[in-house]
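Visitor: Next comes query_6.txt, compact mmCIF, C-alpha atoms and all ligand atoms:
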# COMPACT_ATOMS: atom_id res chain seq x y z
CA MET A 1 -13.22 51.99 303.75
CA SER A 2 -13.79 54.03 300.61
CA TRP A 3 -11.13 54.51 297.94
CA LEU A 4 -10.75 58.12 299.11
CA SER A 5 -9.84 57.17 302.66
CA LYS A 6 -7.52 54.42 301.35
CA LEU A 7 -5.83 57.04 299.24
CA PHE A 8 -5.61 59.80 301.82
CA GLY A 9 -5.67 57.82 305.09
CA ASN A 10 -6.06 60.22 307.99
CA SER A 11 -4.61 63.10 306.05
CA LEU A 12 -7.91 64.06 304.44
CA GLN A 13 -8.41 67.76 304.98
CA GLU A 14 -11.12 69.08 307.22
CA ALA A 15 -14.19 70.04 305.21
CA ASP A 16 -15.25 73.67 305.40
CA LEU A 17 -18.77 73.75 306.83
CA SER A 18 -19.06 77.48 306.13
CA VAL A 19 -20.01 76.57 302.54
CA LEU A 20 -23.32 75.30 303.97
CA ASN A 21 -24.05 78.67 305.53
CA THR A 22 -27.16 77.38 307.31
CA ASP A 23 -27.84 74.58 309.77
CA VAL A 24 -31.42 73.30 309.63
CA HIS A 25 -31.82 71.01 312.63
CA SER A 26 -30.91 71.62 316.29
CA HIS A 27 -32.27 71.88 319.82
CA LEU A 28 -30.98 75.22 321.06
CA ILE A 29 -33.91 76.74 322.93
CA PRO A 30 -33.43 76.10 326.64
CA GLY A 31 -35.68 73.92 328.76
CA ILE A 32 -38.33 72.97 326.21
CA ASP A 33 -37.01 69.64 324.92
CA ASP A 34 -34.04 67.31 325.40
CA GLY A 35 -31.56 69.86 323.99
CA SER A 36 -30.17 72.95 325.69
CA VAL A 37 -30.77 73.03 329.45
CA SER A 38 -30.19 76.74 330.12
CA LEU A 39 -29.66 80.04 328.35
CA GLU A 40 -25.96 79.78 329.14
CA ASP A 41 -25.90 76.31 327.58
CA SER A 42 -27.65 77.71 324.47
CA VAL A 43 -25.02 80.43 324.12
CA ASN A 44 -22.23 77.84 324.35
CA LEU A 45 -23.88 75.54 321.79
CA ILE A 46 -24.44 78.42 319.40
CA ARG A 47 -20.87 79.64 319.81
CA GLY A 48 -19.71 76.12 318.98
CA LEU A 49 -21.76 76.03 315.78
CA HIS A 50 -20.54 79.50 314.82
CA ASP A 51 -16.93 78.40 315.33
CA LEU A 52 -17.55 75.43 313.02
CA GLY A 53 -18.47 77.88 310.25
CA TYR A 54 -22.25 78.26 310.35
CA SER A 55 -23.60 81.79 309.91
CA LYS A 56 -27.31 81.03 310.20
CA LEU A 57 -29.19 78.55 312.37
CA ILE A 58 -32.73 77.27 312.06
CA THR A 59 -33.34 75.62 315.40
CA THR A 60 -36.02 72.93 315.57
CA PRO A 61 -37.35 72.03 319.05
CA HIS A 62 -39.26 68.77 319.34
CA ILE A 63 -43.04 68.88 319.18
CA MET A 64 -44.31 65.51 320.41
CA SER A 65 -47.66 64.99 322.10
CA ASP A 66 -46.33 62.48 324.66
CA PHE A 67 -43.22 64.32 325.84
CA TYR A 68 -42.78 67.81 324.44
CA ARG A 69 -46.05 69.65 324.12
CA ASN A 70 -44.46 72.69 322.51
CA THR A 71 -46.43 75.28 320.57
CA PRO A 72 -45.28 77.96 318.11
CA GLU A 73 -45.82 80.52 320.93
CA ILE A 74 -43.54 78.66 323.37
CA ILE A 75 -40.87 78.18 320.70
CA LEU A 76 -40.92 81.76 319.42
CA LYS A 77 -40.81 83.21 322.94
CA GLY A 78 -37.80 81.00 323.65
CA LEU A 79 -36.23 82.14 320.40
CA ASP A 80 -36.53 85.79 321.50
CA ASN A 81 -34.65 85.00 324.73
CA VAL A 82 -31.92 83.15 322.85
CA ARG A 83 -31.55 86.02 320.37
CA GLU A 84 -31.13 88.51 323.20
CA ALA A 85 -28.50 86.35 324.84
CA ILE A 86 -26.40 85.83 321.70
CA SER A 87 -26.61 89.50 320.86
CA ALA A 88 -25.43 90.37 324.40
CA GLU A 89 -22.51 87.95 323.89
CA GLY A 90 -21.73 89.49 320.49
CA ILE A 91 -21.87 86.20 318.55
CA PRO A 92 -22.32 87.15 314.87
CA ILE A 93 -24.86 84.55 313.83
CA GLU A 94 -28.52 84.67 312.77
CA ILE A 95 -30.99 82.36 314.42
CA PHE A 96 -34.54 81.40 313.44
CA ALA A 97 -36.88 78.69 314.66
CA ALA A 98 -39.03 75.99 313.10
CA ALA A 99 -39.77 72.64 314.76
CA GLU A 100 -39.15 68.93 314.53
CA TYR A 101 -42.64 67.42 314.48
CA TYR A 102 -43.04 63.85 315.66
CA CYS A 103 -45.24 61.89 313.27
CA ASP A 104 -47.94 61.08 315.83
CA HIS A 105 -51.73 61.31 315.65
CA ASP A 106 -51.70 64.86 317.05
CA PHE A 107 -49.43 66.00 314.25
CA GLU A 108 -51.68 64.40 311.66
CA LEU A 109 -54.64 66.35 313.07
CA LYS A 110 -52.78 69.66 313.09
CA ILE A 111 -51.91 69.64 309.39
CA GLY A 112 -54.28 72.03 307.64
CA LYS A 113 -55.89 73.08 310.93
CA GLU A 114 -53.12 74.97 312.71
CA ASP A 115 -50.20 77.07 311.59
CA LEU A 116 -47.11 74.89 311.52
CA LEU A 117 -43.56 76.13 311.93
CA THR A 118 -41.58 75.84 308.72
CA PHE A 119 -38.34 77.18 307.25
CA GLY A 120 -37.29 78.38 303.80
CA ASP A 121 -39.85 77.61 301.13
CA ARG A 122 -42.43 75.88 303.41
CA TYR A 123 -40.06 73.10 304.40
CA LEU A 124 -41.58 71.11 307.25
CA LEU A 125 -39.22 68.97 309.34
CA PHE A 126 -40.69 65.80 310.84
CA GLU A 127 -39.34 62.69 312.51
CA LEU A 128 -40.46 59.11 313.03
CA SER A 129 -40.28 56.60 315.85
CA TYR A 130 -36.91 54.83 316.16
CA LEU A 131 -38.70 51.63 317.11
CA ASN A 132 -41.61 51.02 314.74
CA PRO A 133 -42.62 52.18 311.29
CA SER A 134 -45.31 54.88 311.53
CA ASP A 135 -48.74 53.66 310.42
CA ASN A 136 -49.69 57.16 309.30
CA PHE A 137 -46.55 57.96 307.26
CA ASP A 138 -48.29 57.97 303.87
CA THR A 139 -51.34 59.88 305.15
CA VAL A 140 -49.22 62.49 306.92
CA THR A 141 -46.87 63.15 304.01
CA PHE A 142 -49.79 63.33 301.59
CA LYS A 143 -51.64 65.79 303.87
CA MET A 144 -48.52 67.94 304.17
CA GLN A 145 -48.16 68.11 300.41
CA LEU A 146 -51.86 68.81 299.93
CA GLU A 147 -51.50 71.82 302.25
CA GLY A 148 -48.54 73.14 300.27
CA TYR A 149 -45.81 72.06 302.69
CA LYS A 150 -42.58 70.40 301.58
CA PRO A 151 -41.99 67.48 303.94
CA VAL A 152 -38.41 67.01 305.14
CA LEU A 153 -37.73 63.72 306.91
CA ALA A 154 -35.22 64.11 309.76
CA HIS A 155 -32.33 61.63 309.96
CA PRO A 156 -33.68 58.82 307.72
CA GLU A 157 -30.44 56.94 308.45
CA ARG A 158 -31.54 56.44 312.07
CA TYR A 159 -34.62 54.26 311.52
CA PRO A 160 -33.46 50.64 311.91
CA TYR A 161 -36.64 49.09 310.47
CA TRP A 162 -35.60 50.42 307.04
CA TYR A 163 -32.03 49.12 307.18
CA GLN A 164 -32.84 45.97 305.21
CA SER A 165 -34.93 47.77 302.60
CA PHE A 166 -32.91 50.58 301.08
CA GLU A 167 -35.48 50.92 298.29
CA LYS A 168 -37.77 52.52 300.92
CA TYR A 169 -35.56 55.64 300.81
CA GLU A 170 -35.87 55.84 297.04
CA GLU A 171 -39.61 55.29 297.27
CA ILE A 172 -40.24 58.14 299.73
CA ARG A 173 -37.82 60.45 297.92
CA ASP A 174 -39.73 59.74 294.69
CA LYS A 175 -42.91 60.83 296.45
CA GLY A 176 -41.33 64.22 297.11
CA VAL A 177 -40.24 63.75 300.71
CA LEU A 178 -36.87 65.46 301.12
CA LEU A 179 -34.21 63.74 303.20
CA GLN A 180 -32.10 65.44 305.89
CA ILE A 181 -29.22 63.41 307.30
CA ASN A 182 -27.29 64.21 310.48
CA LEU A 183 -23.69 65.39 310.41
CA ALA A 184 -22.94 63.11 313.37
CA SER A 185 -24.14 60.03 311.48
CA ILE A 186 -21.28 60.48 309.03
CA SER A 187 -18.74 60.06 311.84
CA GLY A 188 -20.45 56.91 313.17
CA HIS A 189 -21.86 58.55 316.30
CA TYR A 190 -25.15 56.62 315.98
CA GLY A 191 -23.47 53.33 315.08
CA THR A 192 -21.86 51.76 312.07
CA VAL A 193 -25.11 50.84 310.31
CA ALA A 194 -26.45 54.41 310.51
CA LYS A 195 -23.09 55.56 309.13
CA ARG A 196 -23.26 53.06 306.29
CA ILE A 197 -26.84 54.07 305.41
CA ALA A 198 -25.88 57.78 305.46
CA GLU A 199 -22.98 57.01 303.11
CA ARG A 200 -25.23 55.02 300.80
CA LEU A 201 -27.79 57.85 300.74
CA ILE A 202 -24.97 60.22 299.79
CA ASP A 203 -23.65 57.83 297.10
CA ASN A 204 -27.16 57.55 295.62
CA ASN A 205 -27.75 61.33 295.56
CA LEU A 206 -30.71 61.06 297.92
CA VAL A 207 -29.64 63.67 300.48
CA ASP A 208 -31.23 67.12 300.28
CA LEU A 209 -30.24 68.72 303.57
CA LEU A 210 -27.56 68.28 306.22
CA GLY A 211 -28.38 69.00 309.86
CA SER A 212 -26.34 69.06 313.06
CA ASP A 213 -29.25 67.90 315.27
CA MET A 214 -27.20 69.46 318.05
CA HIS A 215 -28.44 68.73 321.56
CA LYS A 216 -25.33 69.20 323.71
CA LEU A 217 -21.83 70.60 323.70
CA SER A 218 -20.12 67.19 323.40
CA HIS A 219 -21.59 66.93 319.88
CA ILE A 220 -19.00 69.47 318.69
CA ASP A 221 -16.25 66.83 318.98
CA VAL A 222 -18.37 64.44 316.92
CA TYR A 223 -18.80 67.07 314.19
CA LYS A 224 -15.03 67.65 314.19
CA LYS A 225 -14.62 63.96 313.41
CA ALA A 226 -17.27 64.11 310.69
CA ILE A 227 -15.55 66.92 308.79
CA LYS A 228 -12.62 64.59 308.09
CA GLU A 229 -14.82 61.89 306.55
CA PRO A 230 -14.65 61.37 302.77
CA ALA A 231 -18.46 60.97 302.64
CA LEU A 232 -18.93 64.49 303.97
CA HIS A 233 -16.51 65.90 301.40
CA LYS A 234 -18.46 64.08 298.73
CA LEU A 235 -21.78 65.44 299.99
CA LEU A 236 -20.54 69.04 300.22
CA ASN A 237 -19.04 68.80 296.74
CA SER A 238 -22.21 67.30 295.27
CA GLY A 239 -23.84 70.73 294.98
CA ARG A 240 -27.17 69.07 295.90
CA LEU A 241 -27.62 70.41 299.41
CA LEU A 242 -30.30 73.04 299.92
CA ASN A 243 -28.69 74.44 303.10
CA SER A 244 -26.86 77.27 301.37
CA SER A 245 -30.05 78.44 299.65
CA LEU A 246 -31.86 79.06 302.93
FE FE B 1 -33.66 66.48 316.39
Before we go any further, please render this structure as structure tokens.
Ligand SMILES: [Fe+2]
Guide:
Amino acid sequence: MSWLSKLFGNSLQEADLSVLNTDVHSHLIPGIDDGSVSLEDSVNLIRGLHDLGYSKLITTPHIMSDFYRNTPEIILKGLDNVREAISAEGIPIEIFAAAEYYCDHDFELKIGKEDLLTFGDRYLLFELSYLNPSDNFDTVTFKMQLEGYKPVLAHPERYPYWYQSFEKYEEIRDKGVLLQINLASISGHYGTVAKRIAERLIDNNLVDLLGSDMHKLSHIDVYKKAIKEPALHKLLNSGRLLNSSL
């Protein structure tokens, strides 16, 4: 327990997520990955994020050669449908799409050959296996940078093979890979170790972006827990997050 939670107990105020303006990681396009299952589901998820304070969403469907063979065309067509639906519902929120690229061999081959979906200033969101370190991590991040992309690693706090070597986070951050942690990690949704790593990343000023990584409506309750956590207050007050500049 941090000194803040000792001091304030459960009375810590809810953080205001509207200061972030933009969410940079979610799965809101129906039927193309393990996120939203229908257009109606998408509308409900988006309404939930709007009610939490977000005014702009950059949704990031999985692109993974084994499971989710999405293309920019599939994603952007889905985005059009979602935009129509939220406009019909009158939800005042902007939505754009990028992708969450899985660091597989296919991804490595695409860099420099195909147009990749990015957000902001050529930020490129990618994720790793939860089970094994990726053999091609260094090659892929170097290729991204060579092509003028800014690599953003999704949820670094969720890769257990790095839990005993915190210096790994400093090492990749020093190489220019930006780090995006998940809001739900701060509330302990992915376990106590992921929570502790997220807090340590925050304490060491290694976090560049905060993402919801929303997949389903039940996540809203998890976010409502996270906004009471001292670590989130600290992160929002750090002034380091790029979300509001997007
Ligand atoms: Fe994700």
Visitor: Here is a test: counting only C-alpha atoms and all ligand atoms, which residue of A:Val19, A:Ile58, A:Leu52, A:Leu116 is nearest to ligand FE 1 (chain B)?
Guide: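 Selected residue with least distance to ligand FE 1 (chain B): A:Ile58.
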Visitor: Within 12 Å of (-17.5, 88.1, 320.6) in the file's own coordinates, which protein, DNA or RNA residues have an atom, counting only C-alpha atoms? List them as number ranges by chain.
Guide: A: 43-44, 46-47, 50-51, 85-93
Visitor: Step by step, measure atom-to-atom distances between ligand FE 1 (chain B) and each residue using only C-alpha atoms and all ligand atoms, keep those at most 10 Å, then write them as an mmCIF file with C-alpha atoms, keeping the file's coordinate frame.
Guide:
data_model
loop_
_atom_site.group_PDB
_atom_site.id
_atom_site.type_symbol
_atom_site.label_atom_id
_atom_site.label_comp_id
_atom_site.auth_asym_id
_atom_site.auth_seq_id
_atom_site.Cartn_x
_atom_site.Cartn_y
_atom_site.Cartn_z
ATOM 1 C CA VAL A 24 -31.420 73.300 309.630
ATOM 2 C CA HIS A 25 -31.820 71.010 312.630
ATOM 3 C CA SER A 26 -30.910 71.620 316.290
ATOM 4 C CA HIS A 27 -32.270 71.880 319.820
ATOM 5 C CA ASP A 33 -37.010 69.640 324.920
ATOM 6 C CA ASP A 34 -34.040 67.310 325.400
ATOM 7 C CA GLY A 35 -31.560 69.860 323.990
ATOM 8 C CA THR A 59 -33.340 75.620 315.400
ATOM 9 C CA THR A 60 -36.020 72.930 315.570
ATOM 10 C CA PRO A 61 -37.350 72.030 319.050
ATOM 11 C CA HIS A 62 -39.260 68.770 319.340
ATOM 12 C CA ALA A 99 -39.770 72.640 314.760
ATOM 13 C CA GLU A 100 -39.150 68.930 314.530
ATOM 14 C CA TYR A 101 -42.640 67.420 314.480
ATOM 15 C CA TYR A 102 -43.040 63.850 315.660
ATOM 16 C CA LEU A 125 -39.220 68.970 309.340
ATOM 17 C CA PHE A 126 -40.690 65.800 310.840
ATOM 18 C CA GLU A 127 -39.340 62.690 312.510
ATOM 19 C CA ALA A 154 -35.220 64.110 309.760
ATOM 20 C CA HIS A 155 -32.330 61.630 309.960
ATOM 21 C CA ASN A 182 -27.290 64.210 310.480
ATOM 22 C CA GLY A 211 -28.380 69.000 309.860
ATOM 23 C CA SER A 212 -26.340 69.060 313.060
ATOM 24 C CA ASP A 213 -29.250 67.900 315.270
ATOM 25 C CA MET A 214 -27.200 69.460 318.050
ATOM 26 C CA HIS A 215 -28.440 68.730 321.560
#
Visitor: Could you tell me how far CA of Leu179 (chain A) lies from CA of Asp41 (chain A), in Å and to one decimal?
Guide: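 Between CA of Leu179 (chain A) and CA of Asp41 (chain A) the gap is 28.7 Å.
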Visitor: Using only C-alpha atoms, which of A:Leu236, A:Leu20, A:Ile197, A:Val82 sits nearest Ser165 (chain A)?
Guide: A:Ile197
Visitor: Do you know which residues are at most 12 Å from Leu242 (chain A) counting all atoms listed in the file, after dropping those on the same chain fewer than 2 positions away, and could you put them as a PyMOL selection string?
Guide: chain A and resi 19-24+119-121+123+152+178-180+207-211+235-236+238-240+244-246
Visitor: Of the candidates A:Glu199, A:Glu14, A:Glu94, A:Glu171, which one gets nearest to Lys56 (chain A) if we count all atoms listed in the file?
Guide: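 Selected residue with least distance to Lys56 (chain A): A:Glu94.
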Visitor: My list of candidates is A:Met64, A:Leu131, A:Leu45, A:Leu76. Which is closest to Phe107 (chain A) when distances are computed with only C-alpha atoms?
Guide: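 Closest candidate: A:Met64.
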Visitor: Would you mind putting back N, CA and C atoms on region 80-115 of chain A, then writing it out as a compact mmCIF listing (two decimals), in the frame of the given file?
Guide:
# COMPACT_ATOMS: atom_id res chain seq x y z
N ASP A 80 -36.81 84.40 321.13
CA ASP A 80 -36.53 85.79 321.50
C ASP A 80 -35.46 85.85 322.60
N ASN A 81 -35.62 85.01 323.62
CA ASN A 81 -34.65 85.00 324.73
C ASN A 81 -33.26 84.61 324.25
N VAL A 82 -33.22 83.61 323.36
CA VAL A 82 -31.92 83.15 322.85
C VAL A 82 -31.28 84.27 322.00
N ARG A 83 -32.09 84.93 321.20
CA ARG A 83 -31.55 86.02 320.37
C ARG A 83 -30.95 87.13 321.22
N GLU A 84 -31.66 87.48 322.29
CA GLU A 84 -31.13 88.51 323.20
C GLU A 84 -29.80 88.10 323.78
N ALA A 85 -29.73 86.83 324.20
CA ALA A 85 -28.50 86.35 324.84
C ALA A 85 -27.32 86.33 323.87
N ILE A 86 -27.56 85.90 322.62
CA ILE A 86 -26.40 85.83 321.70
C ILE A 86 -25.99 87.23 321.23
N SER A 87 -26.98 88.14 321.21
CA SER A 87 -26.61 89.50 320.86
C SER A 87 -25.80 90.14 322.00
N ALA A 88 -26.19 89.85 323.24
CA ALA A 88 -25.43 90.37 324.40
C ALA A 88 -24.01 89.81 324.41
N GLU A 89 -23.85 88.58 323.92
CA GLU A 89 -22.51 87.95 323.89
C GLU A 89 -21.73 88.36 322.64
N GLY A 90 -22.40 89.03 321.72
CA GLY A 90 -21.73 89.49 320.49
C GLY A 90 -21.37 88.37 319.53
N ILE A 91 -22.15 87.29 319.50
CA ILE A 91 -21.87 86.20 318.55
C ILE A 91 -22.54 86.54 317.21
N PRO A 92 -21.75 86.70 316.14
CA PRO A 92 -22.32 87.15 314.87
C PRO A 92 -22.96 85.99 314.09
N ILE A 93 -24.16 85.64 314.48
CA ILE A 93 -24.86 84.55 313.83
C ILE A 93 -26.36 84.86 313.86
N GLU A 94 -27.06 84.48 312.80
CA GLU A 94 -28.52 84.67 312.77
C GLU A 94 -29.18 83.41 313.27
N ILE A 95 -30.28 83.55 313.99
CA ILE A 95 -30.99 82.36 314.42
C ILE A 95 -32.50 82.52 314.23
N PHE A 96 -33.09 81.47 313.67
CA PHE A 96 -34.54 81.40 313.44
C PHE A 96 -35.04 80.09 314.04
N ALA A 97 -36.36 79.95 314.10
CA ALA A 97 -36.88 78.69 314.66
C ALA A 97 -37.95 78.10 313.76
N ALA A 98 -37.92 76.77 313.67
CA ALA A 98 -39.03 75.99 313.10
C ALA A 98 -39.30 74.93 314.16
N ALA A 99 -39.53 73.70 313.78
CA ALA A 99 -39.77 72.64 314.76
C ALA A 99 -39.45 71.30 314.13
N GLU A 100 -39.28 70.31 314.99
CA GLU A 100 -39.15 68.93 314.53
C GLU A 100 -40.41 68.20 315.02
N TYR A 101 -41.35 68.02 314.12
CA TYR A 101 -42.64 67.42 314.48
C TYR A 101 -42.53 65.90 314.49
N TYR A 102 -42.99 65.31 315.57
CA TYR A 102 -43.04 63.85 315.66
C TYR A 102 -44.29 63.38 314.94
N CYS A 103 -44.15 62.33 314.14
CA CYS A 103 -45.24 61.89 313.27
C CYS A 103 -46.29 61.10 314.06
N ASP A 104 -46.91 61.75 315.04
CA ASP A 104 -47.94 61.08 315.83
C ASP A 104 -49.33 61.53 315.37
N HIS A 105 -50.35 61.01 316.05
CA HIS A 105 -51.73 61.31 315.65
C HIS A 105 -52.02 62.81 315.78
N ASP A 106 -51.50 63.42 316.85
CA ASP A 106 -51.70 64.86 317.05
C ASP A 106 -51.19 65.67 315.87
N PHE A 107 -50.02 65.29 315.39
CA PHE A 107 -49.43 66.00 314.25
C PHE A 107 -50.33 65.86 313.03
N GLU A 108 -50.79 64.65 312.80
CA GLU A 108 -51.68 64.40 311.66
C GLU A 108 -52.89 65.33 311.72
N LEU A 109 -53.44 65.50 312.92
CA LEU A 109 -54.64 66.35 313.07
C LEU A 109 -54.35 67.83 312.87
N LYS A 110 -53.13 68.23 313.20
CA LYS A 110 -52.78 69.66 313.09
C LYS A 110 -52.62 70.14 311.65
N ILE A 111 -52.23 69.22 310.76
CA ILE A 111 -51.91 69.64 309.39
C ILE A 111 -53.18 70.16 308.70
N GLY A 112 -53.12 71.41 308.28
CA GLY A 112 -54.28 72.03 307.64
C GLY A 112 -55.20 72.72 308.62
N LYS A 113 -55.03 72.45 309.93
CA LYS A 113 -55.89 73.08 310.93
C LYS A 113 -55.18 74.20 311.69
N GLU A 114 -53.89 73.98 311.95
CA GLU A 114 -53.12 74.97 312.71
C GLU A 114 -51.94 75.44 311.89
N ASP A 115 -51.42 76.62 312.25
CA ASP A 115 -50.20 77.07 311.59
C ASP A 115 -49.03 76.22 312.08
